[in-house]
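As provided, final-v1.cif (mmCIF, C-alpha atoms) reads as follows.
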data_model
#
loop_
_atom_site.label_atom_id
_atom_site.label_comp_id
_atom_site.auth_asym_id
_atom_site.auth_seq_id
_atom_site.Cartn_x
_atom_site.Cartn_y
_atom_site.Cartn_z
CA MET A 722 0.00 0.00 0.00
CA ALA A 723 2.68 2.46 1.03
CA ASP A 724 4.83 1.12 -1.79
CA ASP A 725 2.18 2.05 -4.34
CA LEU A 726 2.16 5.56 -2.99
CA LYS A 727 5.94 5.80 -3.10
CA ASN A 728 5.83 4.56 -6.68
CA SER A 729 3.30 7.29 -7.52
CA ILE A 730 5.85 9.81 -6.35
CA ALA A 731 8.52 8.16 -8.51
CA VAL A 732 6.28 8.30 -11.59
CA ALA A 733 5.40 11.95 -10.98
CA GLY A 734 9.12 12.61 -10.53
CA SER A 735 9.81 11.19 -13.97
CA GLY A 736 7.18 13.61 -15.31
CA LEU A 737 8.95 16.52 -13.65
CA GLN A 738 12.26 15.48 -15.18
CA ALA A 739 10.78 15.12 -18.67
CA GLN A 740 9.08 18.50 -18.52
CA SER A 741 12.21 20.27 -17.26
CA ALA A 742 14.18 18.74 -20.12
CA ARG A 743 11.54 20.15 -22.44
CA ILE A 744 11.72 23.60 -20.85
CA LYS A 745 15.50 23.50 -21.30
CA ILE A 746 15.08 22.84 -25.02
CA VAL A 747 12.48 25.62 -25.36
CA ALA A 748 14.82 28.04 -23.55
CA GLN A 749 17.60 27.09 -25.93
CA ASN A 750 15.35 27.70 -28.96
CA ILE A 751 14.15 31.07 -27.70
CA ALA A 752 17.68 32.17 -26.79
CA ASN A 753 18.84 31.35 -30.31
CA SER A 754 15.78 32.65 -32.14
CA ASP A 755 17.65 35.73 -33.41
CA ALA A 756 20.71 33.82 -34.55
CA THR A 757 21.79 34.36 -38.13
CA ALA A 758 24.39 32.62 -40.26
CA THR A 759 27.93 33.92 -39.76
CA SER A 760 29.09 33.62 -43.37
CA PRO A 761 27.34 33.23 -46.73
CA GLY A 762 26.25 29.67 -47.46
CA GLU A 763 26.39 28.64 -43.84
CA ASP A 764 23.29 27.52 -41.88
CA PRO A 765 22.23 29.34 -38.71
CA TYR A 766 20.79 27.69 -35.56
CA ARG A 767 18.22 25.00 -36.24
CA ARG A 768 15.27 24.63 -33.89
CA LYS A 769 15.63 21.64 -31.55
CA THR A 770 12.71 19.31 -30.93
CA ILE A 771 12.04 16.92 -28.07
CA SER A 772 9.75 13.92 -27.87
CA PHE A 773 8.60 11.73 -25.01
CA LYS A 774 7.99 8.04 -24.65
CA ASN A 775 6.28 5.94 -21.98
CA VAL A 776 8.50 3.18 -20.62
CA LEU A 777 7.32 0.46 -18.27
CA ASP A 778 9.46 0.46 -15.16
CA LYS A 779 9.19 -3.13 -13.98
CA GLU A 780 10.47 -2.34 -10.53
CA ILE A 781 7.59 -0.02 -9.75
CA GLY A 782 5.09 -1.60 -12.14
CA ALA A 783 4.06 1.64 -13.78
CA GLU A 784 4.87 3.50 -16.95
CA LYS A 785 7.31 6.32 -16.46
CA VAL A 786 7.86 9.05 -19.00
CA VAL A 787 11.30 9.51 -20.53
CA VAL A 788 12.80 11.72 -23.21
CA SER A 789 12.95 9.51 -26.28
CA LYS A 790 14.66 11.79 -28.76
CA ILE A 791 16.09 15.26 -29.12
CA GLY A 792 16.11 16.09 -32.80
CA VAL A 793 16.41 19.10 -35.04
CA SER A 794 13.59 20.71 -36.93
CA LYS A 795 13.73 20.41 -40.71
CA GLY A 796 11.77 23.63 -41.18
CA GLU A 797 12.95 26.16 -43.74
CA PHE A 798 15.10 29.09 -42.66
CA GLU A 799 13.62 32.52 -42.86
CA LYS A 800 15.45 34.86 -45.23
CA ILE A 801 15.82 38.54 -44.49
CA TYR A 802 16.99 41.13 -46.97
CA ASP A 803 20.09 42.77 -45.46
CA PRO A 804 22.85 43.27 -48.04
CA ALA A 805 25.20 44.89 -45.52
CA HIS A 806 25.26 41.78 -43.32
CA PRO A 807 28.51 39.79 -43.43
CA ALA A 808 26.54 36.59 -44.08
CA ALA A 809 24.45 38.04 -46.91
CA ASP A 810 24.44 35.98 -50.09
CA LYS A 811 24.92 37.49 -53.57
CA ASP A 812 21.27 38.61 -53.67
CA GLY A 813 21.59 40.30 -50.27
CA TYR A 814 19.61 37.75 -48.21
CA VAL A 815 20.62 36.44 -44.77
CA LYS A 816 19.37 33.13 -43.33
CA LYS A 817 17.80 33.34 -39.90
CA ALA A 818 17.13 30.58 -37.32
CA ASN A 819 13.92 28.62 -38.02
CA VAL A 820 12.41 29.33 -34.61
CA ASN A 821 8.86 30.56 -34.25
CA ARG A 822 8.58 32.25 -30.88
CA ASN A 823 4.82 31.80 -30.65
CA VAL A 824 5.21 28.05 -31.03
CA GLU A 825 7.94 28.05 -28.39
CA MET A 826 5.80 30.02 -25.95
CA MET A 827 2.94 27.60 -26.46
CA ASP A 828 5.26 24.68 -25.81
CA LEU A 829 6.58 26.40 -22.71
CA ARG A 830 3.08 26.94 -21.31
CA GLU A 831 2.12 23.31 -21.91
CA ALA A 832 5.30 22.12 -20.21
CA GLN A 833 4.61 24.41 -17.27
CA ARG A 834 1.07 23.16 -16.90
CA THR A 835 2.12 19.52 -16.95
CA TYR A 836 4.95 20.25 -14.53
CA GLU A 837 2.49 21.79 -12.08
CA ALA A 838 0.12 18.84 -12.42
CA ASN A 839 2.96 16.46 -11.57
CA LEU A 840 3.85 18.59 -8.58
CA SER A 841 0.31 18.40 -7.29
CA VAL A 842 0.38 14.60 -7.71
CA ILE A 843 3.41 14.53 -5.42
CA GLU A 844 1.68 16.82 -2.92
CA VAL A 845 -1.51 14.75 -2.80
CA THR A 846 0.40 11.48 -2.58
CA LYS A 847 2.42 12.87 0.30
CA ALA A 848 -0.80 13.78 2.09
CA MET A 849 -2.10 10.24 1.55
CA LEU A 850 1.11 8.74 2.97
CA THR A 851 0.90 11.01 5.99
CA ARG A 852 -2.66 9.88 6.58
CA THR A 853 -1.62 6.25 6.39
CA LEU A 854 0.92 6.93 9.11
CA ASP A 855 -1.74 8.77 11.11
CA ILE A 856 -3.65 5.52 11.49
CA MET A 857 -1.06 4.53 14.06
CA ARG A 858 -1.68 7.55 16.24
CA MET B 105 -17.07 -7.90 20.01
CA ASP B 106 -17.98 -10.01 17.03
CA THR B 107 -16.05 -10.52 13.85
CA SER B 108 -18.15 -8.11 11.81
CA SER B 109 -16.04 -5.18 12.97
CA LEU B 110 -12.87 -7.05 12.05
CA LYS B 111 -14.41 -7.65 8.65
CA ALA B 112 -14.84 -3.90 8.37
CA PHE B 113 -11.10 -3.57 8.98
CA SER B 114 -10.28 -5.91 6.15
CA LEU B 115 -12.75 -4.15 3.84
CA MET B 116 -11.16 -0.82 4.63
CA GLN B 117 -7.70 -2.25 4.04
CA GLN B 118 -8.79 -3.42 0.62
CA LYS B 119 -10.25 -0.07 -0.20
CA LEU B 120 -7.05 1.67 0.86
CA ARG B 121 -5.04 -0.72 -1.29
CA TYR B 122 -7.31 -0.02 -4.24
CA MET B 123 -6.94 3.72 -3.80
CA SER B 124 -3.15 3.53 -3.56
CA GLU B 125 -3.12 1.52 -6.77
CA ARG B 126 -5.40 4.08 -8.39
CA GLN B 127 -3.19 6.93 -7.26
CA ARG B 128 -0.26 5.25 -9.00
CA ILE B 129 -2.24 4.94 -12.23
CA ILE B 130 -3.33 8.58 -12.07
CA ALA B 131 0.29 9.63 -11.48
CA GLN B 132 1.21 7.60 -14.55
CA ASN B 133 -1.50 9.32 -16.63
CA ILE B 134 -0.40 12.79 -15.57
CA ALA B 135 3.30 12.04 -16.12
CA ASN B 136 2.44 10.86 -19.64
CA ALA B 137 0.06 13.74 -20.41
CA ASN B 138 2.29 14.84 -23.30
CA THR B 139 3.51 11.44 -24.50
CA PRO B 140 2.47 10.71 -28.09
CA GLY B 141 0.19 7.69 -28.40
CA TYR B 142 -0.34 7.23 -24.68
CA LYS B 143 -3.85 6.14 -23.67
CA THR B 144 -5.44 7.07 -20.34
CA LYS B 145 -5.72 4.18 -17.91
CA ASP B 146 -7.79 3.58 -14.84
CA VAL B 147 -8.11 0.78 -12.35
CA LYS B 148 -11.37 -0.89 -11.50
CA MET B 149 -12.37 -3.05 -8.59
CA ASP B 150 -15.64 -4.89 -8.24
CA PHE B 151 -16.82 -3.65 -4.85
CA GLY B 152 -20.20 -5.33 -5.17
CA ASP B 153 -18.59 -8.70 -5.60
CA MET B 154 -16.32 -8.05 -2.65
CA VAL B 155 -19.16 -7.14 -0.30
CA SER B 156 -21.31 -10.09 -1.25
CA ALA B 157 -18.35 -12.44 -0.99
CA LYS B 158 -17.55 -11.15 2.48
CA SER B 159 -21.01 -10.88 3.97
CA ASN B 160 -22.57 -13.90 2.42
CA THR B 161 -21.95 -16.24 5.32
CA VAL B 162 -25.57 -17.33 5.69
CA LYS B 163 -26.18 -20.64 3.97
CA LEU B 164 -29.51 -21.29 2.35
CA ALA B 165 -31.33 -24.38 3.44
CA VAL B 166 -31.36 -27.13 0.86
CA THR B 167 -34.61 -29.01 1.30
CA ASN B 168 -35.01 -30.05 -2.29
CA SER B 169 -32.58 -31.51 -4.79
CA LYS B 170 -33.34 -28.60 -7.11
CA HIS B 171 -32.22 -26.01 -4.56
CA ILE B 172 -28.83 -24.50 -5.20
CA GLN B 173 -26.50 -22.50 -3.03
CA PRO B 174 -25.62 -18.95 -4.08
CA ASN B 175 -22.32 -18.45 -5.83
CA LYS B 176 -19.31 -19.34 -3.77
CA PRO B 177 -17.43 -16.34 -2.48
CA SER B 178 -14.49 -15.59 -4.73
CA GLY B 179 -11.24 -15.44 -2.82
CA GLY B 180 -9.60 -12.04 -2.62
CA THR B 181 -10.23 -9.00 -4.74
CA LYS B 182 -8.48 -8.15 -7.92
CA PHE B 183 -8.08 -4.89 -9.73
CA THR B 184 -8.47 -4.68 -13.46
CA LEU B 185 -6.68 -2.14 -15.58
CA ILE B 186 -9.03 -0.47 -18.05
CA GLU B 187 -8.56 2.07 -20.80
CA PRO B 188 -11.60 4.36 -20.52
CA ASP B 189 -12.78 6.55 -23.38
CA THR B 190 -12.17 10.23 -22.82
CA SER B 191 -13.58 13.36 -24.34
CA GLU B 192 -10.44 14.49 -26.13
CA MET B 193 -7.81 13.01 -28.35
CA THR B 194 -4.86 15.05 -29.53
CA PRO B 195 -3.49 14.65 -33.08
CA ASN B 196 -0.54 12.66 -31.73
CA GLY B 197 -2.86 9.98 -30.31
CA ASN B 198 -2.75 10.98 -26.65
CA ASN B 199 -6.11 11.07 -24.87
CA VAL B 200 -5.18 12.22 -21.36
CA VAL B 201 -7.51 15.01 -20.19
CA MET B 202 -5.54 16.79 -17.50
CA GLU B 203 -8.61 18.27 -15.79
CA ASP B 204 -10.25 14.86 -15.49
CA GLU B 205 -7.11 13.35 -14.04
CA LEU B 206 -6.74 16.11 -11.45
CA MET B 207 -10.40 15.72 -10.47
CA LYS B 208 -9.99 11.98 -10.16
CA MET B 209 -6.92 12.49 -8.01
CA GLN B 210 -8.67 14.91 -5.65
CA GLY B 211 -11.65 12.57 -5.35
CA ASN B 212 -9.33 9.69 -4.61
CA ASN B 213 -7.57 11.77 -2.00
CA LEU B 214 -10.84 12.62 -0.23
CA ASP B 215 -11.91 8.98 -0.27
CA TYR B 216 -8.57 8.00 1.18
CA GLN B 217 -8.96 10.58 3.92
CA THR B 218 -12.43 9.29 4.74
CA THR B 219 -11.30 5.69 4.89
CA THR B 220 -8.22 6.29 7.03
CA GLU B 221 -10.30 8.40 9.41
CA LEU B 222 -12.87 5.62 9.61
CA TYR B 223 -10.09 3.12 10.27
CA ARG B 224 -8.74 5.26 13.11
CA LYS B 225 -12.15 5.69 14.68
CA MET B 226 -12.70 1.94 14.51
CA ALA B 227 -9.37 1.28 16.17
CA LYS B 228 -10.25 3.82 18.83
CA MET B 229 -13.51 2.03 19.51
CA MET B 230 -11.58 -1.20 19.90
CA ARG B 231 -9.26 0.44 22.40
CA THR B 232 -12.19 1.85 24.33
CA ALA B 233 -13.71 -1.63 24.50
CA LEU B 234 -10.41 -2.89 25.84
CA GLY B 235 -10.56 -0.31 28.63
CA ASP B 236 -7.76 1.92 27.44
CA ASN B 237 -8.90 5.39 28.50
CA SER B 238 -5.83 7.20 27.20
CA GLY B 239 -6.68 6.25 23.63
CA GLY B 240 -10.10 7.89 23.69
#

Would you kindly transcribe this structure into structure tokens?
Amino acid sequence: MADDLKNSIAVAGSGLQAQSARIKIVAQNIANSDATATSPGEDPYRRKTISFKNVLDKEIGAEKVVVSKIGVSKGEFEKIYDPAHPAADKDGYVKKANVNRNVEMMDLREAQRTYEANLSVIEVTKAMLTRTLDIMR
Amino acid sequence: MDTSSLKAFSLMQQKLRYMSERQRIIAQNIANANTPGYKTKDVKMDFGDMVSAKSNTVKLAVTNSKHIQPNKPSGGTKFTLIEPDTSEMTPNGNNVVMEDELMKMQGNNLDYQTTTELYRKMAKMMRTALGDNSGG
């Protein structure tokens, strides 16, 4: 009984870890959203993507969440007309990182919401454990 | 003191065990709220079966060869894992509705509180019957 509750905390902990990894990736994307190429013909920062996977943890008998893959987005680079830029090509265009800040903000909010939900799971489970111990009093 | 109160203890224990199990499943659902392809799970226990199995100690009289006894009590309770339908499904195949899960968790928590409190009160009554005044 108490083991089930402890396992709940472990599962929620895996959720916290996964969501913080996601927030880290989002932060990286936003920080690099203004990056441009440094020389003509070179690619600027590519948006990083993260995906999750549910993995059965046999020890606790429940499915934890883990980061399955951190990839790069294949989206097209935005091109800005700036002939004075050192990385401008012969037509005067500069490649810019393929990060859409609105998408990143949306991702960030979703990660935050899930993180909070996992935190409340831990809180509630802790309360249940405390009550189990209270039976002895 | 008859055994019916002890039976109540064992019933409450089973309910607590069920709710701990359920809490684990809800934690799993919430942790996987953003996992592509993950389907919401829930755990089900047949309480009706449990009660009848526990309280059905009275035997029916067999005065005719065509009389039959009610079903034999099944030993122990088991939980079954189910995949309930939910109201939403995201394009990546995940159908966890966060609000539902949080509501389920709070309901579970309240039930747990009720049952542990009941358990304590029962134990207190036992102590009172044993003449332990400090426990009251």

Reference answer for the PyMOL selection byres ((chain B) within 10 of (chain A)), as a ChimeraX atom specification
/B:117-118,120-142,202-203,205-206,209-210,212-214,216-225,227-228,239

Translate the PyMOL selection byres ((chain B and resi 144) around 8), as applied to the file shown, into an explicit residue set as a PyMOL selection string.
chain B and resi 133+142-143+145-146+187-190+198-200

Exercise: A:Ala809 partners within 10 Å, all atoms listed in the file, chain neighbours under 2 positions left out, as a list of chain:residue names:
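Near neighbours after the sequence-gap exclusion: A:Thr757, A:Ala758, A:Thr759, A:Ser760, A:Pro761, A:Gly762, A:Lys800, A:Ile801, A:Tyr802, A:Asp803, A:Pro804, A:Ala805, A:His806, A:Pro807, A:Lys811, A:Asp812, A:Gly813, A:Tyr814, A:Val815, A:Lys816.
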
So the first atom is atom CA of B:Ala165 and the second is atom CA of B:Leu110; what is the distance between them in Å, to one decimal place?
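One can read the atom CA of B:Ala165 to atom CA of B:Leu110 distance as 26.7 Å.
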
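All residues that come within 8 Å of the coordinates (-11.4, -3.5, 13.6), counting only C-alpha atoms, are given as Ser109, Leu110, Lys111, Ala112, Phe113, Ser114, Tyr223, Met226, Ala227 and Met230 of chain B.
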
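Pairwise distance (atom CA of B:Lys119, atom CA of B:Val147) equals 12.4 Å.
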
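Across the model, the gap from atom CA of A:Lys847 to atom CA of B:Ser191 is 29.4 Å.
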
Contact residues around A:Lys745 with all atoms listed in the file at 12 Å, ignoring same-chain residues under 6 positions, as a list in words
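Those residues are Gln738, Ala739, Ile751, Ala752, Lys769, Thr770, Ile771, Ile791, Glu825, Asp828, Leu829, Ala832 and Gln833 of chain A.
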
Okay, now the selection with C-alpha atoms, as a tab-separated table (two decimals), keeping the file's coordinate frame?
chain	number	residue	atom	x	y	z
A	738	GLN	CA	12.26	15.48	-15.18
A	739	ALA	CA	10.78	15.12	-18.67
A	751	ILE	CA	14.15	31.07	-27.70
A	752	ALA	CA	17.68	32.17	-26.79
A	769	LYS	CA	15.63	21.64	-31.55
A	770	THR	CA	12.71	19.31	-30.93
A	771	ILE	CA	12.04	16.92	-28.07
A	791	ILE	CA	16.09	15.26	-29.12
A	825	GLU	CA	7.94	28.05	-28.39
A	828	ASP	CA	5.26	24.68	-25.81
A	829	LEU	CA	6.58	26.40	-22.71
A	832	ALA	CA	5.30	22.12	-20.21
A	833	GLN	CA	4.61	24.41	-17.27

Considering all atoms listed in the file, return as number ranges by chain whatever protein or nucleic-acid residues lie within 10 Å of A:Val820, sequence-local ones (same chain, fewer than 4 positions apart) excluded.
A: 747, 750-756, 766-769, 794, 796-799, 824-825

Around all the atoms of stretch 825-844 of chain A listed in the file, draw an axis-aligned box and extend it by 6 Å on each of the six sides; I want its centre and edge lengths in Å to one decimal, as AutoDock Vina command-line options.
--center_x 4.0 --center_y 22.3 --center_z -15.7 --size_x 19.8 --size_y 27.5 --size_z 37.5
